[in-house]
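Participant: Encoded as structure tokens, here's the structure I'll be asking about.
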Number of protein chains: 2
Amino acid sequence: MKRLGNQTIKLDTPVSILNTACIVGPKESEGPMAQYFDKCLEDEFWGEETWEKAESKIIKETVNTLFSKSGLSSKQIDYCFAGDLLNQCISSSFGLRETNIPFFGVFGACSTFAESMCLGSLFAASGAATNILCATSSHFCSAEKQFRFPLELGNQRPPSSQWTVTGAAASILSCNGQGPFITHITPGKIVDLGITDANNMGAAMAPAFVDTLITHFQDTGRTPDYYDAIISGDLGYIGKDIATDLAKNKGVNIQKNYYDCGVLMFDKETQDTHSGGSGCACFGSIFSGYFFKQLQESKLKKILCIATGALMNATSSQQGESIPGIAHALSIEK
Amino acid sequence: MKRLGNQTIKLDTPVSILNTACIVGPKESEGPMAQYFDKCLEDEFWGEETWEKAESKIIKETVNTLFSKSGLSSKQIDYCFAGDLLNQCISSSFGLRETNIPFFGVFGACSTFAESMCLGSLFAASGAATNILCATSSHFCSAEKQFRFPLELGNQRPPSSQWTVTGAAASILSCNGQGPFITHITPGKIVDLGITDANNMGAAMAPAFVDTLITHFQDTGRTPDYYDAIISGDLGYIGKDIATDLAKNKGVNIQKNYYDCGVLMFDKETQDTHSGGSGCACFGSIFSGYFFKQLQESKLKKILCIATGALMNATSSQQGESIPGIAHALSIEK
């Protein structure tokens, strides 16, 4: 493995993304990206008694869908990297406990899928594993209940708030395969500029996105033009604007080819999600459903994915703490 | 990296544990291991207003202590792997946000320190990093509040319950250094035998410990005699007995050289902790404080550390779910 600059790792052997899968909830199914998802659910419970159990079922069935699509079984997977937003990441551990795959629990808030793929690609590139499973989930109802207010209260959501995506995503990384390939990873630092508004995650996470973005370009000597698309996970409308401005102030113009999965997920006019989508499954499902297929079909050839996470919980906000952000980058080429 | 059997990775280059540090709370300071810890606190708050903030301060100061002891600064650390028991791992992210080190959040419940060292050692062995920081924490008061009942209620604790260790631990792994060396890792699978009693973590986690133990011996062709000590993280008195029996039933006798950090941490007669210690800092501080020094002084030369975690949360128990366990193994030689 080759270190570039301070943070970036160039993988000795580019790691192939063999396949991806994603399942989303009803609101996502009404959005502009619906056609790209493997399965769209009609309700948030999917036959389960609680939102938490529904979320576990979604990640479990997403992984089963991935096994079907890729023609691989769990016995052919060496290690799994997974995590989610629920306290102690129970969606992943309950949803994946029957897979019988050695399991690394990962927590990067909404950056978890990118973090999993960073770690998994290093395992595959180093020869420690042949096939790696990465998975994540989030659920609007379980997240609102846990981080904000009971849904039954019917609280009004401020304009800066984002809508946690209900869904799950999974990918298989391999040292075999025809690509698309993960070639570089730039794991991010924790960046905290003192934002305390738990209803403005985009503002809290944008500085971490820009820190990893700038570092990636410094480390690799690349410029935004190198990529067909630069993709953030869930900064939403407000965070995307802040990130674009912050990057510009640091001399990096990403306006031409910058997309945010939180902006892509929902229709701004009709779906009333305010600043856009968020959650582990926001980047997860848009990457797995849309961008992965764009790479497969060579409509995009080089992309830089930088998923962000807000490393807070309900207690920290109540205790007046600010919201630290983090962002992990993956450079992927067809 | 060389795969042995189904789960074990033999590191191409053994990874040196450059140094360790640990700070513990007042109850741990009155226990039989007190002399081995770097700092013993006199109260649970350490000048902070809340238990959560105190826990963050403990992990922060443990890492600062480690930097002092090792003569390294945060600038010389390439990546950090850390996690803890608090919801969304906030002790680690708040405690370590000022280190400015690229950060991987990890969640393996009480196995988190071992999981961090598994991941960190692979990064160092693969050439992706020179120096890696691993860190974890737990806090009796913040854990009781979050997982069980408010301490103010004064609930009676059942005899099978364990006492969450207040403290933090940290280590620096390096591709340079004189050892002790991590030579093999055996990441564990999620094992769930259907235990639902959240006051009997030892019973819930013992099957995962035995699964990883047996797998490690199968993968490496070793027997328990190979090691001077086999060490579990926090099975406690009840879990240790179950693990010893389960292993024996599978043809592996570990009675001669098997130690549990939860048993070692407190005095059974005088400290009233029932089934022993638990929490991320239980394995973390006993390994960092005691076993690491035993290796340095060549009192022990080969040890197998298998830290366990219970992958549940308060909601899953309320919803009647069982408690999945996990265990990650590190083979360490002087």
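In the structure tokens, each chain is lettered A, B, ... as it comes, each chain's residues begin at 1, and ligands are numbered from 1 in order of appearance.
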Taking 6 positions as the minimum chain separation for residues in the same chain, which residues sit within 9 Å of Leu151 in chain B when counting only C-alpha atoms? Answer as a PyMOL selection string.
Facilitator: chain B and resi 141+144-145
Participant: Can you write just those residues out, N, CA and C atoms, as a PDB file, in the first residue's frame?
Facilitator:
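Result written to result-v1.pdb:
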ATOM      1  N   CYS B 141     -21.201   4.991  35.389  1.00  0.00           N
ATOM      2  CA  CYS B 141     -22.399   5.819  35.568  1.00  0.00           C
ATOM      3  C   CYS B 141     -23.097   6.098  34.240  1.00  0.00           C
ATOM      4  N   GLU B 144     -24.726   2.699  33.092  1.00  0.00           N
ATOM      5  CA  GLU B 144     -25.935   2.320  33.846  1.00  0.00           C
ATOM      6  C   GLU B 144     -27.114   3.181  33.408  1.00  0.00           C
ATOM      7  N   LYS B 145     -26.867   4.483  33.325  1.00  0.00           N
ATOM      8  CA  LYS B 145     -27.905   5.430  32.909  1.00  0.00           C
ATOM      9  C   LYS B 145     -28.454   5.077  31.528  1.00  0.00           C
TER      10      LYS B 145
END
Participant: Report as JSON lines the residues of chain A within 7 Å of chain B, each with its shortest atom pair and distance in Å (one decimal), using only C-alpha atoms, ordered by chain and increasing residue number.
Facilitator:
{"residue": "A:Met1", "atom": "CA", "partner": "B:Ala128", "partner_atom": "CA", "distance": 5.1}
{"residue": "A:Lys2", "atom": "CA", "partner": "B:Ala128", "partner_atom": "CA", "distance": 6.1}
{"residue": "A:Arg3", "atom": "CA", "partner": "B:Ala128", "partner_atom": "CA", "distance": 6.0}
{"residue": "A:Gln7", "atom": "CA", "partner": "B:Pro102", "partner_atom": "CA", "distance": 7.0}
{"residue": "A:Ile9", "atom": "CA", "partner": "B:Ala128", "partner_atom": "CA", "distance": 6.3}
{"residue": "A:Asn87", "atom": "CA", "partner": "B:Asn87", "partner_atom": "CA", "distance": 4.9}
{"residue": "A:Gln88", "atom": "CA", "partner": "B:Asn313", "partner_atom": "CA", "distance": 6.0}
{"residue": "A:Ile90", "atom": "CA", "partner": "B:Met312", "partner_atom": "CA", "distance": 6.1}
{"residue": "A:Ser93", "atom": "CA", "partner": "B:Leu311", "partner_atom": "CA", "distance": 6.4}
{"residue": "A:Arg97", "atom": "CA", "partner": "B:Ile190", "partner_atom": "CA", "distance": 5.3}
{"residue": "A:Asn100", "atom": "CA", "partner": "B:Lys189", "partner_atom": "CA", "distance": 6.0}
{"residue": "A:Ile101", "atom": "CA", "partner": "B:Lys189", "partner_atom": "CA", "distance": 5.6}
{"residue": "A:Pro102", "atom": "CA", "partner": "B:Lys189", "partner_atom": "CA", "distance": 4.0}
{"residue": "A:Phe103", "atom": "CA", "partner": "B:Lys189", "partner_atom": "CA", "distance": 5.4}
{"residue": "A:Gly105", "atom": "CA", "partner": "B:Phe107", "partner_atom": "CA", "distance": 4.8}
{"residue": "A:Val106", "atom": "CA", "partner": "B:Val106", "partner_atom": "CA", "distance": 4.4}
{"residue": "A:Phe107", "atom": "CA", "partner": "B:Gly105", "partner_atom": "CA", "distance": 4.8}
{"residue": "A:Gly108", "atom": "CA", "partner": "B:Gly105", "partner_atom": "CA", "distance": 5.5}
{"residue": "A:Ser126", "atom": "CA", "partner": "B:Ser126", "partner_atom": "CA", "distance": 5.8}
{"residue": "A:Gly127", "atom": "CA", "partner": "B:Met1", "partner_atom": "CA", "distance": 5.2}
{"residue": "A:Ala128", "atom": "CA", "partner": "B:Met1", "partner_atom": "CA", "distance": 5.1}
{"residue": "A:Pro187", "atom": "CA", "partner": "B:Pro102", "partner_atom": "CA", "distance": 5.9}
{"residue": "A:Gly188", "atom": "CA", "partner": "B:Pro102", "partner_atom": "CA", "distance": 4.9}
{"residue": "A:Lys189", "atom": "CA", "partner": "B:Pro102", "partner_atom": "CA", "distance": 4.0}
{"residue": "A:Ile190", "atom": "CA", "partner": "B:Arg97", "partner_atom": "CA", "distance": 5.3}
{"residue": "A:Val191", "atom": "CA", "partner": "B:Arg97", "partner_atom": "CA", "distance": 7.0}
{"residue": "A:Leu311", "atom": "CA", "partner": "B:Ser93", "partner_atom": "CA", "distance": 6.4}
{"residue": "A:Met312", "atom": "CA", "partner": "B:Ile90", "partner_atom": "CA", "distance": 6.1}
{"residue": "A:Asn313", "atom": "CA", "partner": "B:Gln88", "partner_atom": "CA", "distance": 5.9}
Participant: What does the file look like for those residues with C-alpha atoms, as a PDB file, in the first residue's frame?
Facilitator:
ATOM      1  CA  MET A   1       0.000   0.000   0.000  1.00  0.00           C
ATOM      2  CA  LYS A   2       1.346   3.422  -0.828  1.00  0.00           C
ATOM      3  CA  ARG A   3       0.793   6.465   1.356  1.00  0.00           C
ATOM      4  CA  GLN A   7      -4.002  10.870   4.677  1.00  0.00           C
ATOM      5  CA  ILE A   9      -3.750   5.485   0.647  1.00  0.00           C
ATOM      6  CA  ASN A  87     -27.773   3.077  19.290  1.00  0.00           C
ATOM      7  CA  GLN A  88     -25.048   0.415  19.421  1.00  0.00           C
ATOM      8  CA  ILE A  90     -28.268  -2.867  16.360  1.00  0.00           C
ATOM      9  CA  SER A  93     -25.850  -6.709  14.257  1.00  0.00           C
ATOM     10  CA  ARG A  97     -26.259 -12.051  12.760  1.00  0.00           C
ATOM     11  CA  ASN A 100     -22.179 -16.289   9.775  1.00  0.00           C
ATOM     12  CA  ILE A 101     -19.538 -13.949   8.346  1.00  0.00           C
ATOM     13  CA  PRO A 102     -16.726 -12.567  10.583  1.00  0.00           C
ATOM     14  CA  PHE A 103     -18.010  -9.134  11.455  1.00  0.00           C
ATOM     15  CA  GLY A 105     -18.834  -3.178  13.515  1.00  0.00           C
ATOM     16  CA  VAL A 106     -18.182   0.298  12.167  1.00  0.00           C
ATOM     17  CA  PHE A 107     -19.593   3.659  13.211  1.00  0.00           C
ATOM     18  CA  GLY A 108     -19.166   6.793  11.144  1.00  0.00           C
ATOM     19  CA  SER A 126      -3.657  -6.343   1.266  1.00  0.00           C
ATOM     20  CA  GLY A 127      -4.409  -9.980   0.477  1.00  0.00           C
ATOM     21  CA  ALA A 128      -6.120 -10.506   3.824  1.00  0.00           C
ATOM     22  CA  PRO A 187     -10.029   8.617   5.532  1.00  0.00           C
ATOM     23  CA  GLY A 188     -11.114  11.839   7.195  1.00  0.00           C
ATOM     24  CA  LYS A 189     -10.350  13.704  10.404  1.00  0.00           C
ATOM     25  CA  ILE A 190     -12.954  14.831  12.916  1.00  0.00           C
ATOM     26  CA  VAL A 191     -13.744  18.488  12.144  1.00  0.00           C
ATOM     27  CA  LEU A 311     -20.674  12.307  15.358  1.00  0.00           C
ATOM     28  CA  MET A 312     -23.215  13.401  17.979  1.00  0.00           C
ATOM     29  CA  ASN A 313     -26.067  11.835  19.909  1.00  0.00           C
TER      30      ASN A 313
END
Participant: Report as a ChimeraX atom specification all protein, DNA and RNA residues lying within 12 Å of Ala229 in chain B, evaluated on only C-alpha atoms, omitting residues in the same chain fewer than 4 positions from it.
Facilitator: /B:223-225,254-261,287,291,294-295,299-306,331-333
Participant: I need the residues in range 227-275 of chain A that are alpha helix (DSSP H) according to DSSP; give them as a PyMOL selection string.
Facilitator: chain A and resi 236-249+261-265
Participant: Using C-alpha atoms, can you write the selected residues to a file as a PDB file, in the first residue's frame?
Facilitator:
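Contents of result19.pdb, as written:
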ATOM      1  CA  GLY A 236     -28.510  18.461   1.572  1.00  0.00           C
ATOM      2  CA  TYR A 237     -29.300  21.784  -0.107  1.00  0.00           C
ATOM      3  CA  ILE A 238     -27.901  23.965   2.668  1.00  0.00           C
ATOM      4  CA  GLY A 239     -24.795  21.874   3.295  1.00  0.00           C
ATOM      5  CA  LYS A 240     -24.070  21.564  -0.419  1.00  0.00           C
ATOM      6  CA  ASP A 241     -24.077  25.339  -0.828  1.00  0.00           C
ATOM      7  CA  ILE A 242     -21.865  25.806   2.228  1.00  0.00           C
ATOM      8  CA  ALA A 243     -19.454  23.123   0.995  1.00  0.00           C
ATOM      9  CA  THR A 244     -19.254  24.666  -2.466  1.00  0.00           C
ATOM     10  CA  ASP A 245     -18.488  28.085  -0.955  1.00  0.00           C
ATOM     11  CA  LEU A 246     -15.966  26.771   1.590  1.00  0.00           C
ATOM     12  CA  ALA A 247     -14.117  24.847  -1.121  1.00  0.00           C
ATOM     13  CA  LYS A 248     -14.105  27.871  -3.407  1.00  0.00           C
ATOM     14  CA  ASN A 249     -12.657  30.008  -0.607  1.00  0.00           C
ATOM     15  CA  CYS A 261     -27.050  12.322  -2.639  1.00  0.00           C
ATOM     16  CA  GLY A 262     -29.306  14.141  -0.173  1.00  0.00           C
ATOM     17  CA  VAL A 263     -30.261  16.583  -2.930  1.00  0.00           C
ATOM     18  CA  LEU A 264     -30.752  13.803  -5.501  1.00  0.00           C
ATOM     19  CA  MET A 265     -32.955  11.585  -3.332  1.00  0.00           C
TER      20      MET A 265
END
Participant: One decimal, Å: what's the distance from CA of Asp38 in chain B over to CA of Asp228 in chain B, could you say?
Facilitator: 24.6 Å
Participant: Tell me, which residues of range 57-132 of chain B carry DSSP strand (DSSP E or B), written as a list of chain:residue names?
Facilitator: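 Written out, the strand (DSSP E or B) residues of range 57-132 of chain B are B:Tyr79, B:Cys80, B:Phe81, B:Ala82, B:Gly83, B:Asp84, B:Phe103, B:Phe104, B:Gly105, B:Val106, B:Gly108, B:Cys110, B:Asn131, B:Ile132.
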Participant: Quick one: everything within 7 Å of Ile58 in chain B, counting only C-alpha atoms, minus sequence neighbours fewer than 3 positions away in the same chain. Send it as a list in words.
Facilitator: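 Using only C-alpha atoms, the neighbours found are Ile23, Ala54, Glu55, Glu61, Thr62, Gly167 and Ala168 of chain B.
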Participant: Could you turn the residues from that selection into a file that holds C-alpha atoms, as a PDB file, in the first residue's frame?
Facilitator:
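The result, stored in part.pdb:
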ATOM      1  CA  ILE B  23      -6.671   5.746  33.361  1.00  0.00           C
ATOM      2  CA  ALA B  54     -16.088  12.913  32.185  1.00  0.00           C
ATOM      3  CA  GLU B  55     -15.793   9.794  30.014  1.00  0.00           C
ATOM      4  CA  GLU B  61      -6.233  12.314  28.833  1.00  0.00           C
ATOM      5  CA  THR B  62      -5.407   8.634  28.355  1.00  0.00           C
ATOM      6  CA  GLY B 167     -11.725   4.143  32.517  1.00  0.00           C
ATOM      7  CA  ALA B 168     -10.035   4.334  29.161  1.00  0.00           C
TER       8      ALA B 168
END
Participant: What lies within 8 Å of Ser29 in chain A using only C-alpha atoms, ignoring chain neighbours under 4 positions off, as number ranges by chain?
Facilitator: A: 24-25, 33-34, 40-41
Participant: Hey, which of A:Thr164, A:Gln76, A:Ser174, A:Thr308 ends up closest to Gly120 in chain A? Count only C-alpha atoms.
Facilitator: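 Nearest to Gly120 in chain A: A:Ser174.
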Participant: Report the distance between CA of His139 in chain A and CA of Asp43 in chain A in Å, rounded to one decimal place.
Facilitator: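 Those two atoms sit 11.5 Å apart.
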Participant: For the atom pair CA of Asp197 in chain B and CA of Pro158 in chain B, what is the interatomic distance in Å to one decimal place?
Facilitator: 10.8 Å
